[in-house]
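Structure file start.txt (compact mmCIF, C-alpha atoms) follows.
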# COMPACT_ATOMS: atom_id res chain seq x y z
CA MET A 224 140.95 165.54 -1.66
CA ASN A 225 144.04 163.47 -2.09
CA PRO A 226 145.65 164.61 -5.37
CA MET A 227 146.29 161.00 -6.33
CA TYR A 228 142.57 160.27 -6.31
CA LEU A 229 141.86 163.46 -8.19
CA ARG A 230 144.28 162.45 -10.93
CA LYS A 231 142.65 159.02 -11.20
CA ILE A 232 139.22 160.56 -11.43
CA ILE A 233 140.33 162.99 -14.10
CA PHE A 234 141.95 160.14 -16.01
CA LEU A 235 138.74 158.12 -15.87
CA PHE A 236 136.75 161.12 -17.05
CA LEU A 237 139.07 161.42 -19.99
CA LEU A 238 138.40 157.79 -20.87
CA LEU A 239 134.65 158.20 -20.65
CA PRO A 240 134.09 159.35 -24.24
CA LEU A 241 135.87 156.23 -25.45
CA ILE A 242 133.45 154.01 -23.56
CA ALA A 243 130.39 156.02 -24.48
CA PHE A 244 131.22 156.05 -28.16
CA ALA A 245 132.73 152.60 -28.37
CA GLU A 246 131.14 151.36 -31.50
CA ILE A 247 128.89 148.34 -31.52
CA PRO A 248 129.83 146.35 -34.59
CA SER A 249 127.19 145.91 -37.24
CA TRP A 250 126.76 142.59 -38.99
CA THR A 251 125.40 141.59 -42.36
CA ILE A 252 123.42 138.35 -42.64
CA ILE A 253 124.70 135.95 -45.32
CA PRO A 254 121.38 134.77 -46.81
CA ASN A 255 122.67 131.52 -48.35
CA GLU A 256 124.15 130.40 -45.06
CA SER A 257 121.28 131.42 -42.83
CA THR A 258 118.03 129.58 -42.23
CA LEU A 259 114.77 130.23 -40.47
CA THR A 260 112.54 127.18 -40.05
CA PHE A 261 109.48 126.28 -38.01
CA THR A 262 108.05 122.99 -36.85
CA ALA A 263 104.38 122.74 -36.06
CA THR A 264 102.34 119.68 -35.11
CA GLN A 265 99.51 118.44 -37.36
CA ASN A 266 97.48 115.34 -36.46
CA GLY A 267 100.09 114.56 -33.81
CA ALA A 268 103.03 114.58 -36.23
CA PRO A 269 105.59 117.29 -37.01
CA VAL A 270 105.47 119.43 -40.12
CA THR A 271 108.36 121.71 -41.01
CA GLY A 272 108.58 124.73 -43.25
CA LYS A 273 110.91 127.63 -43.77
CA PHE A 274 111.05 131.32 -44.56
CA THR A 275 113.54 131.81 -47.35
CA ARG A 276 113.79 135.61 -47.19
CA PHE A 277 114.62 137.63 -44.10
CA SER A 278 116.94 140.49 -43.34
CA GLY A 279 118.11 142.27 -40.28
CA GLU A 280 119.84 145.08 -38.54
CA ILE A 281 122.33 143.40 -36.22
CA ASN A 282 124.39 145.56 -33.89
CA PHE A 283 125.96 143.04 -31.64
CA ASP A 284 129.04 142.67 -29.50
CA LEU A 285 129.59 139.83 -27.07
CA ALA A 286 131.51 142.20 -24.83
CA GLN A 287 128.78 144.80 -24.88
CA LEU A 288 125.58 142.83 -24.63
CA ASP A 289 123.80 145.69 -22.90
CA LYS A 290 124.33 147.94 -25.91
CA SER A 291 123.61 145.27 -28.53
CA ASN A 292 120.40 145.35 -30.45
CA VAL A 293 118.93 143.26 -33.20
CA GLU A 294 115.98 143.67 -35.51
CA ILE A 295 115.06 140.84 -37.86
CA ILE A 296 112.46 141.34 -40.56
CA VAL A 297 110.96 138.21 -42.10
CA ASN A 298 109.27 138.25 -45.49
CA VAL A 299 106.33 136.03 -44.50
CA GLY A 300 105.37 135.45 -48.12
CA SER A 301 108.64 133.58 -48.57
CA ILE A 302 107.15 130.70 -46.57
CA SER A 303 107.98 127.43 -48.23
CA ASP A 304 107.42 123.75 -47.59
CA PRO A 305 107.47 120.63 -49.77
CA TYR A 306 103.68 120.52 -50.09
CA ASN A 307 102.66 123.62 -52.07
CA GLU A 308 99.04 123.43 -51.04
CA LEU A 309 100.20 123.88 -47.45
CA SER A 310 102.25 127.04 -48.12
CA ASP A 311 99.33 128.50 -50.06
CA THR A 312 97.07 127.81 -47.10
CA LEU A 313 99.52 129.34 -44.64
CA MET A 314 99.66 132.55 -46.71
CA SER A 315 95.86 132.85 -46.72
CA SER A 316 93.84 135.21 -44.54
CA ASP A 317 93.15 132.59 -41.85
CA TRP A 318 96.85 132.05 -41.25
CA PHE A 319 99.57 134.64 -41.92
CA ASN A 320 97.45 136.77 -44.26
CA THR A 321 100.57 137.79 -46.14
CA LYS A 322 98.74 140.29 -48.37
CA ILE A 323 97.85 142.46 -45.39
CA PHE A 324 100.76 141.51 -43.12
CA PRO A 325 103.77 140.83 -45.35
CA GLN A 326 106.33 141.14 -42.56
CA ALA A 327 107.06 139.55 -39.23
CA ILE A 328 109.48 141.46 -37.01
CA PHE A 329 111.65 140.48 -34.10
CA GLN A 330 113.00 143.41 -32.10
CA SER A 331 115.40 142.72 -29.27
CA THR A 332 115.09 144.51 -25.95
CA GLY A 333 118.01 142.91 -24.12
CA PHE A 334 120.55 140.12 -24.05
CA ILE A 335 121.69 137.86 -21.22
CA LYS A 336 124.64 135.46 -21.15
CA THR A 337 123.35 132.12 -19.87
CA GLY A 338 126.44 129.95 -20.26
CA ASP A 339 129.87 129.73 -21.77
CA LYS A 340 128.60 130.15 -25.32
CA THR A 341 124.88 130.41 -24.77
CA PHE A 342 122.73 133.50 -24.62
CA GLN A 343 119.20 134.69 -24.34
CA ALA A 344 117.70 137.45 -26.41
CA LYS A 345 114.62 139.04 -24.97
CA GLY A 346 112.44 140.99 -27.29
CA THR A 347 109.16 141.29 -29.05
CA LEU A 348 107.83 139.39 -32.01
CA THR A 349 105.21 140.88 -34.29
CA ILE A 350 103.23 138.57 -36.57
CA ARG A 351 100.09 139.85 -38.30
CA ASP A 352 98.95 142.72 -36.08
CA LYS A 353 99.91 141.07 -32.79
CA THR A 354 103.05 141.82 -30.82
CA GLN A 355 104.12 139.49 -28.03
CA PRO A 356 107.19 139.30 -25.81
CA ILE A 357 109.47 136.37 -26.63
CA VAL A 358 112.76 134.91 -25.51
CA LEU A 359 115.20 133.37 -28.00
CA ASN A 360 117.88 130.98 -26.79
CA PHE A 361 120.96 130.87 -28.93
CA THR A 362 124.44 129.44 -29.05
CA GLN A 363 127.51 131.07 -30.49
CA GLU A 364 129.03 128.50 -32.85
CA GLU A 365 131.67 130.74 -34.35
CA TYR A 366 132.76 134.22 -33.39
CA SER A 367 135.71 135.98 -34.91
CA PRO A 368 136.25 139.68 -35.45
CA THR A 369 134.90 139.29 -39.00
CA LYS A 370 132.50 136.36 -39.01
CA ALA A 371 129.93 134.96 -36.64
CA LYS A 372 127.58 132.00 -36.61
CA ILE A 373 124.79 131.48 -34.15
CA THR A 374 122.08 128.85 -33.93
CA GLY A 375 119.02 129.13 -31.77
CA SER A 376 115.39 128.41 -31.20
CA THR A 377 112.26 129.45 -29.42
CA THR A 378 108.74 128.13 -29.03
CA ILE A 379 105.80 130.38 -29.68
CA LYS A 380 102.05 129.95 -29.39
CA ARG A 381 100.57 130.50 -32.84
CA THR A 382 97.13 131.55 -31.54
CA ALA A 383 98.70 134.38 -29.51
CA PHE A 384 99.54 135.94 -32.88
CA GLY A 385 96.21 135.10 -34.48
CA VAL A 386 97.87 132.58 -36.80
CA GLY A 387 95.00 130.18 -37.46
CA GLN A 388 91.68 132.02 -37.37
CA GLY A 389 88.16 130.63 -37.17
CA GLU A 390 88.05 126.82 -37.16
CA TRP A 391 91.86 126.77 -37.16
CA SER A 392 91.99 128.30 -33.67
CA ASP A 393 91.19 124.73 -32.56
CA THR A 394 94.53 123.42 -31.26
CA LYS A 395 93.80 119.68 -31.44
CA ALA A 396 94.47 119.12 -35.14
CA VAL A 397 97.16 121.80 -35.35
CA LYS A 398 98.84 122.34 -32.00
CA ASP A 399 99.33 125.78 -30.51
CA ASP A 400 103.06 125.38 -29.87
CA VAL A 401 105.31 126.02 -32.84
CA GLN A 402 109.04 125.66 -32.60
CA VAL A 403 111.14 128.16 -34.48
CA ASN A 404 114.77 127.34 -35.30
CA PHE A 405 117.34 129.64 -36.81
CA THR A 406 120.93 129.65 -37.97
CA ILE A 407 122.50 132.97 -38.75
CA ASN A 408 125.83 133.43 -40.45
CA ALA A 409 126.94 137.02 -40.59
CA THR A 410 129.98 139.05 -41.56
CA LYS A 411 131.04 142.25 -39.91
CA LYS A 412 130.29 145.36 -41.94
CA MET B 454 84.77 76.51 -35.24
CA LEU B 455 88.50 76.01 -34.92
CA LEU B 456 91.07 78.76 -34.70
CA LYS B 457 93.10 77.35 -37.56
CA ASN B 458 91.97 76.48 -41.06
CA SER B 459 91.17 72.91 -42.10
CA THR B 460 90.98 71.40 -45.60
CA THR B 461 87.25 72.16 -45.72
CA HIS B 462 86.76 75.20 -43.46
CA PHE B 463 88.30 78.52 -42.60
CA GLY B 464 89.27 78.91 -38.94
CA LYS B 465 88.17 81.70 -36.65
CA ILE B 466 91.36 83.75 -37.08
CA ALA B 467 91.20 83.78 -40.89
CA ILE B 468 87.50 84.74 -40.82
CA ILE B 469 87.99 87.55 -38.32
CA LEU B 470 90.99 88.93 -40.23
CA HIS B 471 89.02 88.77 -43.50
CA TRP B 472 86.07 90.79 -42.18
CA ILE B 473 88.04 93.30 -40.09
CA MET B 474 90.21 94.08 -43.09
CA ALA B 475 87.19 94.23 -45.40
CA LEU B 476 85.57 96.77 -43.08
CA ILE B 477 88.73 98.89 -42.71
CA LEU B 478 89.49 98.84 -46.45
CA ILE B 479 85.93 99.80 -47.44
CA CYS B 480 85.96 102.67 -44.92
CA LEU B 481 89.40 103.79 -46.14
CA LEU B 482 88.23 103.78 -49.77
CA ILE B 483 85.10 105.82 -49.00
CA LEU B 484 87.04 108.20 -46.73
CA GLY B 485 89.79 108.57 -49.33
CA LEU B 486 87.39 109.34 -52.18
CA TYR B 487 85.51 111.83 -50.00
CA MET B 488 88.41 113.66 -48.34
CA VAL B 489 90.32 114.49 -51.52
CA ARG B 490 87.30 116.41 -52.83
CA LEU B 491 86.95 118.57 -49.71
CA PRO B 492 88.17 122.15 -49.73
CA ILE B 493 91.15 122.84 -47.47
CA GLY B 494 89.93 123.05 -43.93
CA LEU B 495 89.95 121.48 -40.52
CA GLU B 496 87.61 118.67 -41.62
CA LYS B 497 89.91 117.72 -44.50
CA LEU B 498 92.99 117.74 -42.26
CA LYS B 499 91.30 115.54 -39.64
CA MET B 500 90.11 113.06 -42.28
CA TYR B 501 93.59 112.82 -43.76
CA GLY B 502 94.82 112.09 -40.24
CA TRP B 503 92.32 109.23 -39.82
CA HIS B 504 92.97 107.88 -43.32
CA LYS B 505 96.71 107.76 -42.59
CA GLU B 506 96.55 106.05 -39.19
CA TYR B 507 93.92 103.49 -40.21
CA GLY B 508 95.91 102.90 -43.40
CA ILE B 509 98.95 102.02 -41.29
CA LEU B 510 96.75 99.81 -39.10
CA ALA B 511 95.68 98.01 -42.30
CA LEU B 512 99.35 97.53 -43.24
CA MET B 513 100.06 95.98 -39.83
CA LEU B 514 97.03 93.71 -40.13
CA VAL B 515 97.92 92.53 -43.62
CA ILE B 516 101.35 91.47 -42.37
CA VAL B 517 99.62 89.36 -39.69
CA ARG B 518 97.13 88.08 -42.25
CA LEU B 519 99.72 87.09 -44.84
CA THR B 520 101.76 85.34 -42.17
CA TRP B 521 98.64 83.45 -41.09
CA ARG B 522 97.78 82.61 -44.67
CA ILE B 523 101.17 81.13 -45.58
CA THR B 524 101.53 79.20 -42.33
CA ASN B 525 98.03 77.69 -42.58
CA LYS B 526 96.45 75.28 -44.99
CA ILE B 527 93.84 76.74 -47.34
CA PRO B 528 90.39 75.07 -47.60
CA GLU B 529 90.01 73.40 -50.97
CA LEU B 530 88.05 75.11 -53.71
CA ASN B 531 85.92 72.52 -55.47
CA ILE B 532 85.20 74.50 -58.60
CA PRO B 533 86.39 74.24 -62.24
CA LEU B 534 90.11 74.85 -62.72
CA LEU B 535 89.78 78.13 -64.61
CA GLU B 536 87.44 79.55 -61.96
CA LYS B 537 89.81 78.34 -59.29
CA ILE B 538 92.73 80.09 -60.94
CA ALA B 539 90.63 83.25 -61.27
CA ALA B 540 89.58 83.11 -57.62
CA ARG B 541 93.12 82.55 -56.35
CA ALA B 542 94.47 85.30 -58.65
CA VAL B 543 91.93 87.75 -57.18
CA HIS B 544 92.93 86.73 -53.65
CA TRP B 545 96.61 87.39 -54.37
CA LEU B 546 95.71 90.62 -56.15
CA PHE B 547 94.06 91.72 -52.90
CA TYR B 548 97.34 91.11 -51.08
CA VAL B 549 99.17 93.23 -53.67
CA PHE B 550 96.71 96.07 -53.06
CA MET B 551 96.70 95.61 -49.30
CA PHE B 552 100.47 96.12 -49.23
CA ALA B 553 100.87 98.60 -52.09
CA LEU B 554 98.15 101.01 -50.97
CA PRO B 555 99.42 101.76 -47.46
CA ILE B 556 103.04 101.75 -48.62
CA THR B 557 102.37 104.26 -51.44
CA GLY B 558 100.31 106.27 -48.94
CA TRP B 559 103.30 106.30 -46.63
CA PHE B 560 105.43 107.51 -49.57
CA ILE B 561 102.89 110.32 -50.15
CA THR B 562 103.02 111.55 -46.57
CA SER B 563 106.82 111.33 -46.65
CA ALA B 564 107.12 113.26 -49.91
CA ALA B 565 104.65 115.86 -48.62
CA GLY B 566 106.63 116.29 -45.41
CA LEU B 567 103.47 115.53 -43.44
CA PRO B 568 104.34 112.40 -41.44
CA VAL B 569 101.84 110.05 -39.83
CA SER B 570 101.20 109.77 -36.13
CA PHE B 571 99.88 106.30 -35.33
CA PHE B 572 96.99 107.16 -32.97
CA GLY B 573 99.35 109.44 -31.04
CA LEU B 574 101.55 106.50 -30.06
CA PHE B 575 104.48 107.12 -32.40
CA VAL B 576 105.36 109.03 -35.53
CA LEU B 577 106.35 107.07 -38.63
CA PRO B 578 109.72 107.90 -40.15
CA ASN B 579 109.80 109.42 -43.63
CA LEU B 580 110.58 106.86 -46.36
CA VAL B 581 111.77 109.53 -48.80
CA SER B 582 112.75 113.15 -48.33
CA PRO B 583 110.06 115.73 -49.08
CA ASP B 584 109.78 116.54 -52.77
CA PRO B 585 106.76 117.99 -54.66
CA GLN B 586 107.44 116.16 -57.93
CA SER B 587 107.70 112.66 -56.53
CA LEU B 588 104.69 113.54 -54.35
CA ALA B 589 102.53 113.99 -57.46
CA LEU B 590 103.75 110.66 -58.82
CA TYR B 591 103.00 108.75 -55.60
CA GLN B 592 99.55 110.36 -55.46
CA GLN B 593 98.78 109.10 -58.96
CA ILE B 594 99.97 105.58 -58.16
CA HIS B 595 97.98 105.54 -54.90
CA LYS B 596 94.85 106.77 -56.68
CA TRP B 597 95.00 104.10 -59.41
CA LEU B 598 95.76 101.37 -56.88
CA GLY B 599 92.64 102.56 -55.04
CA TYR B 600 90.55 102.27 -58.21
CA GLY B 601 92.08 98.84 -58.80
CA LEU B 602 91.08 97.75 -55.30
CA ILE B 603 87.51 98.94 -55.89
CA ALA B 604 87.31 96.94 -59.15
CA THR B 605 88.79 93.86 -57.46
CA PHE B 606 86.37 94.26 -54.54
CA PHE B 607 83.35 94.20 -56.88
CA LEU B 608 84.71 91.21 -58.78
CA HIS B 609 85.31 89.28 -55.55
CA SER B 610 81.90 90.21 -54.04
CA ALA B 611 80.05 89.39 -57.26
CA ALA B 612 81.73 85.99 -57.40
CA ALA B 613 80.88 85.26 -53.76
CA LEU B 614 77.24 86.26 -54.28
CA LYS B 615 77.04 84.23 -57.51
CA HIS B 616 78.26 81.14 -55.67
CA HIS B 617 75.75 81.71 -52.89
CA PHE B 618 72.62 82.56 -54.88
CA ILE B 619 73.19 80.88 -58.23
CA ASN B 620 75.45 77.90 -57.57
CA LYS B 621 74.02 77.60 -54.05
CA ASP B 622 77.31 76.24 -52.72
CA ASP B 623 79.02 76.92 -49.41
CA ILE B 624 81.76 79.28 -50.69
CA LEU B 625 80.27 82.44 -49.13
CA ARG B 626 78.96 80.66 -46.04
CA ARG B 627 82.33 79.23 -45.11
CA MET B 628 83.71 82.75 -44.78
CA LEU B 629 80.90 83.48 -42.31
CA SER B 630 81.14 80.50 -39.98
As structure tokens, how would this structure be written, given the file I've shared?
Amino acid sequence: MNPMYLRKIIFLFLLLPLIAFAEIPSWTIIPNESTLTFTATQNGAPVTGKFTRFSGEINFDLAQLDKSNVEIIVNVGSISDPYNELSDTLMSSDWFNTKIFPQAIFQSTGFIKTGDKTFQAKGTLTIRDKTQPIVLNFTQEEYSPTKAKITGSTTIKRTAFGVGQGEWSDTKAVKDDVQVNFTINATKK
Amino acid sequence: MLLKNSTTHFGKIAIILHWIMALILICLLILGLYMVRLPIGLEKLKMYGWHKEYGILALMLVIVRLTWRITNKIPELNIPLLEKIAARAVHWLFYVFMFALPITGWFITSAAGLPVSFFGLFVLPNLVSPDPQSLALYQQIHKWLGYGLIATFFLHSAAALKHHFINKDDILRRMLS
């Protein structure tokens, strides 16, 4: 073998540990600057609510999407909307059943860059005792070495997660499609 | 029968508007009293949906009706002055209710963050931003306006029946043909 090549190969081998152990930065969600809302359709008109408490393990690097991973845990009982009777209903056993299933979890399985500042996160969403694959589309609004802001959304089918049991599985009065919107502000740990 | 009113008779338009609105308002009152007592469920949600869209229909109709009323002459009421004042006051009171009820209802749906879809054609904008405290206030106002409309309805119907069966005049009949 040509010694020049050998030297290059050895050099690359020496670099390998750096690549393998290159750390994926971890981020901390800033709760006051992050939102998680949903918009459902009742009687043909939109109704919006929010989850006020959620946390997450975010190991994310734009340059290393393949090694990035995100887990978001939503406290379902933190559901809130202007009409209290509605939040109470949504926490009941026919809907989220927050006593038995207090958490909803998004776990990423992969990221794809779809545009200049737009991305897709593939993963699974668990609500109640149902886990379904989902795709989140998000946009990077701000990204510095210390702070990041992303906004995104996805549309899920509520009945796929068993949200709305019995008479509520009827999708005429409350549509199946629910849009979920999120804004996450995070600082690097 | 003419389309427009004359000095002695109501025209076709005024009569049709009177009875369509009477029918819608009676149904809305019964539906409203019934639906609020239901436990939370699909039936309650659907009824609220109907109450809201027919309520908005009533608001649209009352705009047409008021426009018709002020651009038309009103048949004369040949009854004693005090009774005439009472009758006219009740008629205007109806207009107050016909506007105030749907508008306060619209405030309720706005404050609850549960907007109205008008028969799937369009969604009404929110008049106020969602807020639980103002919601409770609008609900109270709407409820008492509803009771007021019921009282006014009985007063108006009793007077019409009294004129027909006791005075035996044409006051009720001229709203029929």
Self-check item: All residues 6 Å or closer to B:Ala565, all atoms listed in the file, same chain fewer than 5 positions away omitted, as a ChimeraX atom specification
Solution: /A:305-306 /B:583
Practice problem: At a cut-off of 9 Å, list the chain A residues touching chain B, using all atoms listed in the file, as an MDAnalysis selection string. | Solution: chainID A and resid 265:272 304:308 312 390:391 393 396:397
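In this comparison, which uses all atoms listed in the file, the residue of B:Ile469, B:Val543, B:Cys480, B:Ile538 approaching B:Trp521 most closely is B:Ile469.
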Exercise. For atom CA of A:Gln330 and atom CA of A:Gln287, determine how far apart the two atoms are, in Å to one decimal place.
Key: 17.4 Å
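Atom CA of B:Thr461 is positioned 19.9 Å from atom CA of B:Thr520.
From atom CA of B:Ile509 back to atom CA of A:Lys273, the distance works out to 28.4 Å.
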Quiz item: Could you name the residues that touch stretch 346-354 of chain A at 6 Å or less, counting all atoms listed in the file, but leaving out those on the same chain fewer than 2 positions away, as a PyMOL selection string?
Solution: chain A and resi 324+327-332+356-357+384
Exercise. Give me the residues within 8 Å of stretch 597-604 of chain B as a ChimeraX atom specification, counting all atoms listed in the file and dropping any in the same chain fewer than 2 places off.
Key: /B:482,547,550,553-554,593-595,606-608
What's the 7 Å shell around A:Thr321, counting only C-alpha atoms, without same-chain residues fewer than 6 positions away, as a PDB file with C-alpha atoms, in the coordinates of the input?
ATOM      1  CA  VAL A 299     106.330 136.030 -44.500  1.00  0.00           C
ATOM      2  CA  GLY A 300     105.370 135.450 -48.120  1.00  0.00           C
ATOM      3  CA  MET A 314      99.660 132.550 -46.710  1.00  0.00           C
ATOM      4  CA  SER A 315      95.860 132.850 -46.720  1.00  0.00           C
TER       5      SER A 315
END
Around (100.0, 126.4, -37.8) in the file's frame, which residues reach within 9 Å when counting only C-alpha atoms? Return as a CSV table (one decimal) with C-alpha atoms, in the coordinates of the input?
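Below is the file that was written, result.csv:
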chain,number,residue,atom,x,y,z
A,262,THR,CA,108.0,123.0,-36.8
A,263,ALA,CA,104.4,122.7,-36.1
A,264,THR,CA,102.3,119.7,-35.1
A,265,GLN,CA,99.5,118.4,-37.4
A,313,LEU,CA,99.5,129.3,-44.6
A,318,TRP,CA,96.8,132.0,-41.2
A,381,ARG,CA,100.6,130.5,-32.8
A,382,THR,CA,97.1,131.6,-31.5
A,386,VAL,CA,97.9,132.6,-36.8
A,387,GLY,CA,95.0,130.2,-37.5
A,391,TRP,CA,91.9,126.8,-37.2
A,397,VAL,CA,97.2,121.8,-35.4
A,398,LYS,CA,98.8,122.3,-32.0
A,399,ASP,CA,99.3,125.8,-30.5
A,400,ASP,CA,103.1,125.4,-29.9
A,401,VAL,CA,105.3,126.0,-32.8
Quiz prompt | Residue contacts of A:Trp250 (10 Å, all atoms listed in the file) excluding same-chain residues fewer than 6 positions away, as a ChimeraX atom specification | solution = /A:279-284,293,369-371,408-412
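If all atoms listed in the file are the atoms counted, then among B:Leu530, B:Leu590, B:Ala542, B:Ile619 the closest residue to B:Ile561 is B:Leu590.
The closest residue to A:Lys372, picked from A:Ser316, A:Thr394, A:Ser310, A:Thr406 and counting all atoms listed in the file, is A:Thr406.
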Practice problem: Taking (119.2, 130.8, -34.9) in the file's own coordinates, collect the residues within 9 Å, counting all atoms listed in the file, and hand them back as a PyMOL selection string. | Solution: chain A and resi 257-259+359-362+372-377+403-407
Go ahead and write the selection's residues with C-alpha atoms as a PDB file, in the coordinates of the input.
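Now in out_30.pdb:
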ATOM      1  CA  SER A 257     121.280 131.420 -42.830  1.00  0.00           C
ATOM      2  CA  THR A 258     118.030 129.580 -42.230  1.00  0.00           C
ATOM      3  CA  LEU A 259     114.770 130.230 -40.470  1.00  0.00           C
ATOM      4  CA  LEU A 359     115.200 133.370 -28.000  1.00  0.00           C
ATOM      5  CA  ASN A 360     117.880 130.980 -26.790  1.00  0.00           C
ATOM      6  CA  PHE A 361     120.960 130.870 -28.930  1.00  0.00           C
ATOM      7  CA  THR A 362     124.440 129.440 -29.050  1.00  0.00           C
ATOM      8  CA  LYS A 372     127.580 132.000 -36.610  1.00  0.00           C
ATOM      9  CA  ILE A 373     124.790 131.480 -34.150  1.00  0.00           C
ATOM     10  CA  THR A 374     122.080 128.850 -33.930  1.00  0.00           C
ATOM     11  CA  GLY A 375     119.020 129.130 -31.770  1.00  0.00           C
ATOM     12  CA  SER A 376     115.390 128.410 -31.200  1.00  0.00           C
ATOM     13  CA  THR A 377     112.260 129.450 -29.420  1.00  0.00           C
ATOM     14  CA  VAL A 403     111.140 128.160 -34.480  1.00  0.00           C
ATOM     15  CA  ASN A 404     114.770 127.340 -35.300  1.00  0.00           C
ATOM     16  CA  PHE A 405     117.340 129.640 -36.810  1.00  0.00           C
ATOM     17  CA  THR A 406     120.930 129.650 -37.970  1.00  0.00           C
ATOM     18  CA  ILE A 407     122.500 132.970 -38.750  1.00  0.00           C
TER      19      ILE A 407
END
